Every structure is written in C-alpha cells, then in structure tokens.
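Participant: Following this line is query-v3.txt, made up of compact mmCIF, C-alpha atoms:
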# COMPACT_ATOMS: atom_id res chain seq x y z
CA MET O 1 82.89 71.67 88.42
CA ALA O 2 82.12 75.40 88.56
CA VAL O 3 83.93 77.58 91.09
CA SER O 4 82.60 80.84 92.52
CA TYR O 5 84.94 83.83 92.55
CA LYS O 6 83.84 84.48 96.13
CA ASP O 7 85.42 81.19 97.18
CA LEU O 8 88.71 82.49 95.79
CA GLY O 9 88.51 85.72 97.82
CA LEU O 10 87.94 87.88 94.73
CA VAL O 11 85.44 90.71 94.22
CA ASN O 12 83.55 91.89 91.16
CA THR O 13 83.71 95.44 89.81
CA LYS O 14 80.31 96.79 90.89
CA GLU O 15 81.22 98.51 94.15
CA LEU O 16 84.74 99.37 92.98
CA PHE O 17 83.39 101.28 89.99
CA LYS O 18 80.83 103.14 92.09
CA LYS O 19 83.57 104.33 94.44
CA ALA O 20 85.85 105.21 91.51
CA TYR O 21 83.12 107.19 89.75
CA ASP O 22 82.27 109.15 92.89
CA GLY O 23 85.93 109.61 93.81
CA LYS O 24 87.05 110.65 90.30
CA TYR O 25 89.76 108.06 89.84
CA ALA O 26 90.18 104.90 87.77
CA ILE O 27 90.87 101.32 88.87
CA PRO O 28 94.09 99.97 87.33
CA ALA O 29 93.59 96.98 85.04
CA TYR O 30 96.94 95.27 84.58
CA ASN O 31 97.44 92.18 82.41
CA PHE O 32 99.50 89.26 83.68
CA ASN O 33 100.84 86.06 82.15
CA ASN O 34 103.31 84.78 84.74
CA MET O 35 104.33 84.81 88.39
CA GLU O 36 106.67 87.80 88.20
CA GLN O 37 104.02 90.00 86.65
CA MET O 38 101.48 88.95 89.27
CA GLN O 39 103.97 89.61 92.08
CA ALA O 40 104.81 93.07 90.73
CA ILE O 41 101.16 94.04 90.35
CA VAL O 42 100.23 92.94 93.87
CA GLN O 43 103.32 94.53 95.43
CA ALA O 44 102.66 97.83 93.65
CA CYS O 45 99.01 97.91 94.65
CA VAL O 46 99.63 96.91 98.27
CA GLU O 47 102.38 99.52 98.61
CA THR O 48 100.10 102.22 97.18
CA ASN O 49 96.96 100.83 98.88
CA SER O 50 95.12 100.55 95.56
CA PRO O 51 92.39 98.18 94.38
CA VAL O 52 93.34 96.29 91.23
CA ILE O 53 91.91 94.35 88.31
CA LEU O 54 94.08 91.40 87.28
CA GLN O 55 93.43 90.95 83.58
CA VAL O 56 93.80 87.74 81.62
CA SER O 57 93.64 87.79 77.83
CA ALA O 58 92.73 84.84 75.62
CA GLY O 59 96.41 84.68 74.68
CA ALA O 60 97.43 84.54 78.35
CA ARG O 61 95.07 81.61 78.98
CA LYS O 62 96.69 79.71 76.13
CA TYR O 63 100.20 80.61 77.25
CA ALA O 64 99.90 80.00 80.98
CA ASN O 65 96.85 77.70 81.24
CA GLY O 66 93.52 78.87 82.64
CA THR O 67 93.70 76.68 85.75
CA LEU O 68 97.14 77.97 86.72
CA LEU O 69 96.07 81.59 86.21
CA ARG O 70 93.00 81.07 88.40
CA TYR O 71 95.12 79.70 91.23
CA MET O 72 97.63 82.49 90.73
CA ALA O 73 94.80 84.99 91.19
CA GLN O 74 93.68 83.18 94.31
CA GLY O 75 97.29 83.25 95.48
CA ALA O 76 97.40 86.99 94.75
CA VAL O 77 94.62 87.52 97.30
CA GLU O 78 96.59 85.69 100.00
CA TYR O 79 99.86 87.30 98.91
CA ALA O 80 98.33 90.76 99.32
CA LYS O 81 97.26 89.87 102.87
CA GLU O 82 100.74 88.58 103.66
CA LEU O 83 102.35 91.77 102.39
CA ASN O 84 99.79 93.97 104.13
CA LYS O 85 99.89 92.42 107.63
CA GLY O 86 96.66 90.47 107.19
CA LYS O 87 94.64 93.19 105.47
CA GLY O 88 94.18 92.56 101.78
CA ILE O 89 93.19 94.81 98.91
CA PRO O 90 90.19 94.39 96.58
CA ILE O 91 91.25 92.16 93.66
CA VAL O 92 89.19 91.42 90.55
CA LEU O 93 90.01 88.61 88.10
CA HIS O 94 88.88 89.80 84.68
CA LEU O 95 88.76 88.27 81.20
CA ASP O 96 90.13 90.81 78.74
CA HIS O 97 88.61 90.82 75.24
CA GLY O 98 86.52 87.68 75.42
CA ASP O 99 84.95 87.26 71.99
CA THR O 100 82.53 84.34 72.37
CA PHE O 101 79.83 83.34 74.84
CA GLU O 102 81.59 80.02 75.41
CA GLN O 103 84.86 81.70 76.34
CA CYS O 104 83.13 84.02 78.83
CA LYS O 105 81.11 81.16 80.31
CA ASP O 106 84.25 79.08 80.76
CA CYS O 107 85.95 81.91 82.64
CA ILE O 108 82.91 82.51 84.84
CA ASP O 109 82.80 78.81 85.70
CA PHE O 110 86.54 78.95 86.42
CA GLY O 111 86.07 81.61 89.10
CA PHE O 112 86.57 84.88 87.21
CA SER O 113 84.71 87.73 88.90
CA SER O 114 84.42 89.90 85.79
CA VAL O 115 84.43 89.28 82.04
CA MET O 116 84.58 91.41 78.93
CA ILE O 117 82.60 90.37 75.90
CA ASP O 118 83.96 92.23 72.90
CA GLY O 119 81.35 92.10 70.17
CA SER O 120 82.61 95.28 68.52
CA HIS O 121 83.68 93.35 65.40
CA HIS O 122 80.04 92.29 64.85
CA SER O 123 77.15 94.40 63.59
CA TYR O 124 75.43 96.58 66.19
CA GLU O 125 72.49 94.20 66.63
CA GLU O 126 74.74 91.13 66.76
CA ASN O 127 76.88 92.87 69.37
CA ILE O 128 73.78 93.51 71.47
CA ALA O 129 72.56 89.92 71.20
CA LEU O 130 75.94 88.42 72.12
CA THR O 131 76.55 90.85 74.98
CA LYS O 132 73.07 90.29 76.42
CA LYS O 133 73.57 86.51 76.38
CA VAL O 134 76.82 86.84 78.33
CA VAL O 135 75.26 89.31 80.78
CA GLU O 136 72.38 86.95 81.57
CA TYR O 137 74.73 84.08 82.39
CA ALA O 138 77.23 86.25 84.27
CA HIS O 139 74.68 88.04 86.43
CA ALA O 140 73.17 84.72 87.45
CA HIS O 141 76.60 84.01 89.01
CA GLY O 142 77.20 87.48 90.47
CA VAL O 143 79.82 88.28 87.82
CA THR O 144 80.05 91.73 86.24
CA VAL O 145 80.31 92.30 82.48
CA GLU O 146 82.12 94.86 80.34
CA GLY O 147 80.87 95.45 76.79
CA GLU O 148 82.39 97.45 73.96
CA LEU O 149 81.19 99.93 71.37
CA GLY O 150 83.67 101.26 68.82
CA VAL O 151 86.92 99.71 67.61
CA LEU O 152 90.50 100.47 68.69
CA ALA O 153 93.30 100.28 66.16
CA GLY O 154 96.56 98.48 66.86
CA VAL O 155 97.73 95.00 67.82
CA GLU O 156 98.00 93.43 71.25
CA ASP O 157 97.87 89.68 71.89
CA GLU O 158 95.08 88.34 69.68
CA VAL O 159 93.27 91.68 69.32
CA SER O 160 94.05 93.39 66.04
CA SER O 161 92.50 96.13 63.94
CA GLU O 162 93.99 98.24 61.16
CA HIS O 163 91.67 101.19 61.76
CA SER O 164 89.86 102.71 64.71
CA THR O 165 86.17 103.55 64.80
CA TYR O 166 85.10 106.11 67.38
CA THR O 167 82.19 105.17 69.63
CA LYS O 168 78.93 106.79 68.55
CA PRO O 169 77.38 108.62 71.53
CA GLU O 170 73.92 108.18 70.06
CA GLU O 171 74.21 104.39 70.46
CA VAL O 172 75.39 104.03 74.04
CA GLU O 173 72.12 104.51 75.91
CA ASP O 174 70.31 101.95 73.78
CA PHE O 175 73.21 99.51 74.04
CA VAL O 176 73.46 99.72 77.82
CA LYS O 177 69.71 99.45 78.30
CA ARG O 178 69.24 96.47 75.98
CA THR O 179 72.28 94.47 77.14
CA GLY O 180 72.38 95.18 80.87
CA VAL O 181 76.17 95.54 80.90
CA ASP O 182 77.89 96.88 84.01
CA SER O 183 80.54 98.94 82.22
CA LEU O 184 81.29 100.05 78.67
CA ALA O 185 84.62 100.17 76.82
CA ILE O 186 84.68 103.03 74.33
CA SER O 187 86.94 104.27 71.55
CA ILE O 188 88.05 107.91 71.81
CA GLY O 189 91.56 107.69 70.38
CA THR O 190 93.47 105.18 72.49
CA SER O 191 95.06 102.26 70.68
CA HIS O 192 96.49 98.80 71.39
CA GLY O 193 100.20 98.02 71.39
CA ALA O 194 103.43 100.01 71.82
CA THR O 195 103.34 101.61 68.37
CA LYS O 196 99.90 103.14 68.63
CA PHE O 197 100.21 105.81 65.95
CA LYS O 198 102.03 106.25 62.67
CA PRO O 199 104.51 109.15 62.57
CA ALA O 200 102.32 110.93 60.01
CA GLN O 201 99.54 111.09 62.62
CA CYS O 202 101.81 112.79 65.17
CA THR O 203 103.80 115.96 65.65
CA ARG O 204 107.33 116.14 67.13
CA ASN O 205 108.44 118.32 70.02
CA ALA O 206 111.78 120.14 70.25
CA ASP O 207 113.51 116.95 71.39
CA GLY O 208 112.18 115.01 68.42
CA VAL O 209 109.71 113.01 70.53
CA LEU O 210 106.49 112.05 68.76
CA ILE O 211 103.34 113.65 70.18
CA PRO O 212 100.15 111.72 69.35
CA PRO O 213 96.79 113.29 68.45
CA PRO O 214 94.76 114.18 71.57
CA LEU O 215 92.00 111.97 72.90
CA ARG O 216 88.47 112.86 71.85
CA PHE O 217 87.19 114.22 75.13
CA ASP O 218 84.27 115.75 73.28
CA ILE O 219 83.02 112.24 72.48
CA LEU O 220 83.54 111.18 76.10
CA ALA O 221 81.54 114.20 77.30
CA GLU O 222 78.66 113.33 74.98
CA ILE O 223 78.67 109.75 76.20
CA GLU O 224 78.58 110.93 79.82
CA LYS O 225 75.49 112.98 79.00
CA LYS O 226 73.76 109.99 77.44
CA ILE O 227 74.49 107.58 80.33
CA PRO O 228 75.21 109.69 83.43
CA GLY O 229 76.82 107.83 86.31
CA PHE O 230 77.72 104.82 84.16
CA PRO O 231 81.27 103.36 84.37
CA ILE O 232 83.37 103.86 81.24
CA VAL O 233 86.49 101.84 80.33
CA LEU O 234 89.53 102.84 78.27
CA HIS O 235 91.58 100.13 76.55
CA GLY O 236 94.96 100.65 74.90
CA SER O 237 96.04 103.23 77.49
CA SER O 238 99.76 102.61 77.82
CA SER O 239 101.87 105.76 77.69
CA VAL O 240 104.93 104.02 76.20
CA PRO O 241 107.52 105.78 78.43
CA VAL O 242 110.32 107.33 76.41
CA ASP O 243 112.96 106.22 78.94
CA LYS O 244 111.92 102.57 78.64
CA VAL O 245 112.00 102.68 74.85
CA LYS O 246 115.44 104.33 74.91
CA MET O 247 116.69 101.73 77.36
CA ILE O 248 115.47 98.88 75.17
CA ASN O 249 117.18 100.40 72.13
CA GLN O 250 120.35 101.16 74.12
CA TYR O 251 120.69 97.50 75.02
CA GLY O 252 120.19 96.03 71.58
CA GLY O 253 116.47 96.44 70.92
CA LYS O 254 114.84 98.04 67.95
CA MET O 255 111.70 100.02 68.70
CA GLU O 256 111.36 102.89 66.29
CA ASP O 257 108.64 105.53 66.61
CA ALA O 258 106.96 103.87 69.59
CA VAL O 259 104.45 106.33 71.04
CA GLY O 260 101.65 106.10 73.58
CA ILE O 261 98.92 108.09 75.30
CA PRO O 262 100.19 111.11 77.33
CA GLU O 263 99.72 110.49 81.04
CA GLU O 264 98.12 113.89 81.64
CA GLN O 265 95.33 112.95 79.24
CA LEU O 266 94.78 109.67 81.07
CA ARG O 267 94.62 111.51 84.40
CA LYS O 268 91.98 113.81 82.93
CA ALA O 269 90.01 110.78 81.74
CA ALA O 270 90.29 109.12 85.16
CA ALA O 271 88.72 112.21 86.75
CA SER O 272 85.65 111.79 84.53
CA ALA O 273 83.35 108.79 84.08
CA VAL O 274 86.30 106.54 83.17
CA CYS O 275 86.47 104.04 86.05
CA LYS O 276 88.85 101.45 84.55
CA ILE O 277 92.01 102.02 82.53
CA ASN O 278 93.81 99.11 80.86
CA ILE O 279 97.62 99.12 80.81
CA ASP O 280 99.67 96.28 79.36
CA SER O 281 102.32 97.45 76.88
CA ASP O 282 104.00 99.74 79.43
CA GLY O 283 104.56 96.75 81.68
CA ARG O 284 106.04 94.74 78.83
CA LEU O 285 108.40 97.60 78.01
CA ALA O 286 109.58 97.97 81.62
CA MET O 287 110.31 94.26 81.97
CA THR O 288 111.99 93.98 78.57
CA ALA O 289 114.22 96.99 79.29
CA ALA O 290 115.36 95.52 82.60
CA ILE O 291 116.04 92.08 81.11
CA ARG O 292 117.99 93.54 78.17
CA GLU O 293 120.15 95.54 80.58
CA VAL O 294 121.03 92.41 82.57
CA PHE O 295 121.87 90.39 79.47
CA THR O 296 124.01 93.20 78.05
CA LYS O 297 125.93 93.96 81.23
CA THR O 298 126.29 90.34 82.35
CA PRO O 299 126.11 88.24 79.16
CA GLY O 300 127.11 85.10 81.04
CA GLU O 301 124.02 85.21 83.28
CA PHE O 302 121.75 82.19 82.97
CA ASP O 303 119.82 82.17 86.28
CA PRO O 304 116.25 83.31 85.47
CA ARG O 305 115.94 84.83 88.95
CA LYS O 306 118.80 87.21 88.16
CA TYR O 307 116.98 88.77 85.19
CA LEU O 308 113.31 88.16 86.03
CA GLY O 309 113.86 89.62 89.53
CA PRO O 310 115.01 93.02 88.21
CA ALA O 311 112.23 92.90 85.61
CA ARG O 312 109.68 92.35 88.37
CA ASP O 313 111.13 95.24 90.40
CA ALA O 314 111.02 97.58 87.40
CA LEU O 315 107.39 96.65 86.74
CA LYS O 316 106.43 97.26 90.36
CA GLU O 317 107.93 100.76 90.37
CA LEU O 318 106.21 101.61 87.09
CA TYR O 319 102.80 100.51 88.38
CA LYS O 320 103.24 102.37 91.67
CA LEU O 321 103.73 105.58 89.69
CA LYS O 322 100.68 104.78 87.54
CA ASN O 323 98.48 104.34 90.62
CA GLU O 324 99.76 107.49 92.30
CA ASN O 325 100.14 109.93 89.41
CA VAL O 326 97.95 108.74 86.54
CA LEU O 327 94.99 106.72 87.73
CA GLY O 328 94.55 108.35 91.13
CA SER O 329 93.79 104.95 92.73
CA ALA O 330 96.43 105.17 95.47
CA ASN O 331 94.96 105.03 99.00
CA LYS O 332 91.57 103.96 97.65
CA ALA O 333 91.64 100.27 98.61
Would you write the structure of this file as structure tokens?
Facilitator:
Amino acid sequence: MAVSYKDLGLVNTKELFKKAYDGKYAIPAYNFNNMEQMQAIVQACVETNSPVILQVSAGARKYANGTLLRYMAQGAVEYAKELNKGKGIPIVLHLDHGDTFEQCKDCIDFGFSSVMIDGSHHSYEENIALTKKVVEYAHAHGVTVEGELGVLAGVEDEVSSEHSTYTKPEEVEDFVKRTGVDSLAISIGTSHGATKFKPAQCTRNADGVLIPPPLRFDILAEIEKKIPGFPIVLHGSSSVPVDKVKMINQYGGKMEDAVGIPEEQLRKAAASAVCKINIDSDGRLAMTAAIREVFTKTPGEFDPRKYLGPARDALKELYKLKNENVLGSANKA
C-alpha cells in the first residue's frame, strides 16, 4: 500500500530550493544509515535552525531496510519538534543515486518526498528517457526529482567511476526542458569518497597537506546562463577534514593521501545556483575517528552506547559547522 510523504510530515524540495536560490545558500543533504546518524543530523539542524535533506542510498536501503528507514525519517520529524519545543524544521526524505525507474517508484510509494534518478551512465538520449519516466510518476505524487548530467569519479556506496566527465553546458537546457526535472546534479570537479584525488593531481602546501585542483566555476557559470534560476546540485562535496584523518591514523587507522573539496570553494558554490550540497564521507570520518579514540583509550569497552554516543556527538558538531560556515543554511528553516 502506497504512503504519501505528506502523511509522514515530510516536505519536497520545491519551495526549499526556491528559498535557497534566492537566499544564496545551499540545503544540506546528509546521508544516514542508522539511528545515531539520524539523531546527529536532526540535532545539528535543529540547533542551527536549518532545513535538511535526509538522504538514503541504495546501499543504505539494503543495510538498514527501506521500511525501517522510512519510519526513522518519520520519527526524525517528530524528534525535531520535540527538540525544538513543538516547532519542527523542514525535512526531506531523498533517494540518493537511484538508477532504475523501479527503484525510484518503490521509494515514492514508500513515502519518499524526493528522488534522484541517475542516468548519467547511459547515453544522453537514454538518460532523458529514463529521467522523464521517473519525473512523470513522481510528479503525479507530488514528489520532486533530481537528474544528473556528467559523471563524478570516485567510489561511495554502490556508486563508482574511474574517471570524471564534466557536465556539458550546451546540454543542460535541452535536458531540463525534455525531462521536467526539478533540480540537476552536475560535475564540475567534485568527487565521491574520502580519497577524491590522486596525489599527482594535487599540490602540497608548506605543511605537506594535499591541495586538490579547483572546482570548475567557469562551467557552473555557463550552466547558470543556460538555465537561469534553476536549482543545481553538487555531489561528492565532503571536505575530508585534516584533523579527522589525523585522528583516525593516530588511533590505528590507515588513511593515506585522503583529500576533499576546500570548504571555501563549497561556500562560493552555495552562494550561486547550487541549492543542494551532498556530504557523506565527512560524517563517516568524524564518527570513525571518535569510535577509534574510544577503543584505543578504553580497549575493554563493549557497550555500544559508550562509543556510538561520542560518534553521534562528533557528527553533530561537524554538521553544525557545515550549516553555519559552509552551506549558509543556518537560521533558514
């Protein structure tokens, strides 16, 4: 039996993106797989008064079960009200990197308020046909759709590509018009995962920290000219904080040459047509660093609350800083 996202207290992205575009900020899109991640995301966004997009990947649905994730999202709506003295924040439940019509349809019928159909691995015409099919079904249920043009390199969950392909500005107007999508994910140099770039692609500063190649803001500017006022999405936008990587390595991890997207470049993007920025790897790093510290300092610990609690707290603090200093979404709920 199909469930409407409205019955779960969720919203779609339409009005959120309009406000973000006009206000020159981006809505945070944070992935979650379990209760602690959901708690941290909601706490961070309530404390910063930010709208939020709860993202679920295909891998997360397999790991945590689609039904459980749906009820967790519904619980997030009520949890936000509880934390905020009865006043909630706008929460979207979004499918990240859906790759088939059936998968998107299933999520829509499960109560998702937004879905992404990623047809970027198909030919241009096949991408259009698949995206349009999803849009027609989604819009009939009041659900918004994110499409994608261009390919990001890197690996995250079940999304993997060896090479990136920049979005072609000359294609975006035709794609948007023929598919009817509500937002468009583009490729301008971001990348999935914690090791986004090979050392040969980067330079090193005086402290030996890898500096990645800059984002292609020239491509973004051309896209804005082609589809003025249209919401743009950036995937693979974790900054891979140096302190988290060092902490992981200090407590027994091994993450060599991990490098992400500089936060000042993401802030610049958020002040443009980019209305949604996806962040996942940074959250994984923050939680892993906190858990490794607990296990190293108290190796006899076996109560999950004693290591998942600190991990949740570390994730919350990270996301609060993202909302305030990077995305600009604080006080926009």
Participant: Sorted by chain and rising residue number, list the residues of range 54-83 of chain O at most 10 Å from range 9-30 of chain O (counting all atoms listed in the file), each with its closest atom pair and distance in Å to one decimal, as a Markdown table.
Facilitator:
| residue | atom | partner | partner_atom | distance |
| --- | --- | --- | --- | --- |
| O:Leu54 | CA | O:Tyr30 | CA | 5.5 |
| O:Gln55 | CA | O:Tyr30 | CA | 5.7 |
| O:Val56 | CA | O:Tyr30 | CA | 8.7 |
| O:Ala73 | CA | O:Leu10 | CA | 8.2 |
| O:Gln74 | CA | O:Gly9 | CA | 6.7 |
| O:Gly75 | CA | O:Gly9 | CA | 9.4 |
| O:Ala76 | CA | O:Gly9 | CA | 9.5 |
| O:Val77 | CA | O:Gly9 | CA | 6.4 |
| O:Glu78 | CA | O:Gly9 | CA | 8.4 |
Participant: Write the residues of the selection above to a file with C-alpha atoms, as a PDB file, in the coordinates of the input.
Facilitator:
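Now in out.pdb:
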ATOM      1  CA  LEU O  54      94.080  91.400  87.280  1.00  0.00           C
ATOM      2  CA  GLN O  55      93.430  90.950  83.580  1.00  0.00           C
ATOM      3  CA  VAL O  56      93.800  87.740  81.620  1.00  0.00           C
ATOM      4  CA  ALA O  73      94.800  84.990  91.190  1.00  0.00           C
ATOM      5  CA  GLN O  74      93.680  83.180  94.310  1.00  0.00           C
ATOM      6  CA  GLY O  75      97.290  83.250  95.480  1.00  0.00           C
ATOM      7  CA  ALA O  76      97.400  86.990  94.750  1.00  0.00           C
ATOM      8  CA  VAL O  77      94.620  87.520  97.300  1.00  0.00           C
ATOM      9  CA  GLU O  78      96.590  85.690 100.000  1.00  0.00           C
TER      10      GLU O  78
END
Participant: Within 12 Å of range 172-196 of chain O, which residues of range 53-160 of chain O show up? Give each one with its shortest atom-to-atom distance in Å (one decimal) and the two atoms involved, counting all atoms listed in the file, rows by chain then rising residue number, as CSV.
Facilitator:
residue,atom,partner,partner_atom,distance
O:Asp96,CA,O:Ala185,CA,11.0
O:His97,CA,O:Ala185,CA,10.3
O:Ser114,CA,O:Asp182,CA,9.7
O:Val115,CA,O:Asp182,CA,10.2
O:Met116,CA,O:Ala185,CA,9.0
O:Ile117,CA,O:Val181,CA,9.6
O:Asp118,CA,O:Ala185,CA,8.9
O:Gly119,CA,O:Ala185,CA,11.0
O:Ser120,CA,O:Ala185,CA,9.8
O:Tyr124,CA,O:Phe175,CA,8.7
O:Glu125,CA,O:Phe175,CA,9.1
O:Glu126,CA,O:Thr179,CA,11.2
O:Asn127,CA,O:Phe175,CA,8.9
O:Ile128,CA,O:Thr179,CA,5.9
O:Ala129,CA,O:Thr179,CA,7.5
O:Leu130,CA,O:Thr179,CA,8.7
O:Thr131,CA,O:Thr179,CA,6.0
O:Lys132,CA,O:Thr179,CA,4.3
O:Lys133,CA,O:Thr179,CA,8.1
O:Val134,CA,O:Thr179,CA,9.0
O:Val135,CA,O:Val181,CA,6.3
O:Glu136,CA,O:Gly180,CA,8.3
O:Tyr137,CA,O:Gly180,CA,11.4
O:Ala138,CA,O:Val181,CA,9.9
O:His139,CA,O:Gly180,CA,9.3
O:Gly142,CA,O:Asp182,CA,11.4
O:Val143,CA,O:Asp182,CA,9.6
O:Thr144,CA,O:Asp182,CA,6.0
O:Val145,CA,O:Asp182,CA,5.4
O:Glu146,CA,O:Ser183,CA,4.8
O:Gly147,CA,O:Leu184,CA,5.0
O:Glu148,CA,O:Ala185,CA,4.5
O:Leu149,CA,O:Ile186,CA,5.5
O:Gly150,CA,O:Ser187,CA,5.2
O:Val151,CA,O:Ser187,CA,6.0
O:Leu152,CA,O:Ser191,CA,5.3
O:Ala153,CA,O:Ser191,CA,5.2
O:Gly154,CA,O:His192,CA,4.5
O:Val155,CA,O:Gly193,CA,5.3
O:Glu156,CA,O:Gly193,CA,5.1
O:Asp157,CA,O:Gly193,CA,8.7
O:Glu158,CA,O:His192,CA,10.7
O:Val159,CA,O:His192,CA,8.1
O:Ser160,CA,O:His192,CA,8.0
Participant: Go through O:Val233, O:Met38, O:Met247, O:Val92 one by one, measure the shortest atom-to-atom distance of each to Arg292 in chain O using all atoms listed in the file, and give the residue with the smallest value.
Facilitator: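 Among the listed residues, O:Met247 lies closest to Arg292 in chain O.
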Participant: So, with only C-alpha atoms as the atoms that count, which of O:Gln37, O:Ser272, O:Ser239, O:Gln103 lies closest to Ala258 in chain O?
Facilitator: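 Under the stated criterion, the closest residue is O:Ser239.
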Participant: Set the distance at 8 Å and use all atoms listed in the file: which residues neighbour range 261-271 of chain O once local chain neighbours fewer than 2 positions away are removed? I'd like the list as a list in words.
Facilitator: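 In the requested form, the answer reads Lys24, Tyr25, Ala26, Thr190, Pro212, Pro214, Leu215, Phe217, Ser237, Ser238, Ser239, Val240, Val259, Ala273, Val274, Cys275, Lys276, Ile277, Asn325, Val326, Leu327 and Gly328 of chain O.
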Participant: Could you tell me how far CA of Asp243 in chain O sits from CA of Phe302 in chain O, in Å to one decimal place?
Facilitator: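 Rounded to one decimal, the two atoms are 25.9 Å apart.
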Participant: Here is a test: counting all atoms listed in the file, which residue of O:His121, O:Ser4, O:His235, O:Tyr71 is nearest to Ser281 in chain O?
Facilitator: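 Under the stated criterion, the closest residue is O:His235.
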Participant: How would you write as a ChimeraX atom specification the residues that get within 9 Å of (83.6, 76.0, 87.3) in the file's frame, counting only C-alpha atoms?
Facilitator: /O:1-4,106-111
Participant: Determine the nearest neighbour of Glu82 in chain O from the options O:Asn65, O:Thr203, O:Ser50, O:Gln43, counting only C-alpha atoms.
Facilitator: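 Using only C-alpha atoms, the shortest distance to Glu82 in chain O belongs to O:Gln43.
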Participant: Give the answer as one residue: which of O:Val209, O:Val294, O:Ala80, O:Val42 has the shortest atom-to-atom distance to Glu256 in chain O, using all atoms listed in the file?
Facilitator: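 Of the candidates, the smallest distance to Glu256 in chain O is held by O:Val209.
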Participant: At a cut-off of 10 Å, using only C-alpha atoms, what residues contact Pro310 in chain O? Leave out same-chain residues fewer than 3 positions from it and give the result as a list of chain:residue names.
Facilitator: O:Glu36, O:Ala286, O:Met287, O:Ala289, O:Ala290, O:Ile291, O:Glu293, O:Val294, O:Arg305, O:Lys306, O:Tyr307, O:Asp313, O:Ala314, O:Leu315, O:Lys316
Participant: Go ahead and dump the residues you just picked, C-alpha atoms, as a CSV table (one decimal), in the coordinates of the input.
Facilitator:
chain,number,residue,atom,x,y,z
O,36,GLU,CA,106.7,87.8,88.2
O,286,ALA,CA,109.6,98.0,81.6
O,287,MET,CA,110.3,94.3,82.0
O,289,ALA,CA,114.2,97.0,79.3
O,290,ALA,CA,115.4,95.5,82.6
O,291,ILE,CA,116.0,92.1,81.1
O,293,GLU,CA,120.2,95.5,80.6
O,294,VAL,CA,121.0,92.4,82.6
O,305,ARG,CA,115.9,84.8,89.0
O,306,LYS,CA,118.8,87.2,88.2
O,307,TYR,CA,117.0,88.8,85.2
O,313,ASP,CA,111.1,95.2,90.4
O,314,ALA,CA,111.0,97.6,87.4
O,315,LEU,CA,107.4,96.6,86.7
O,316,LYS,CA,106.4,97.3,90.4
Participant: I'd like the interatomic distance between CA of Gly252 in chain O and CA of Tyr63 in chain O, to a tenth of an Å.
Facilitator: 25.9 Å
Participant: Interatomic distance between CA of Val242 in chain O and CA of Thr298 in chain O?
Facilitator: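 Between CA of Val242 in chain O and CA of Thr298 in chain O the gap works out to 24.1 Å.
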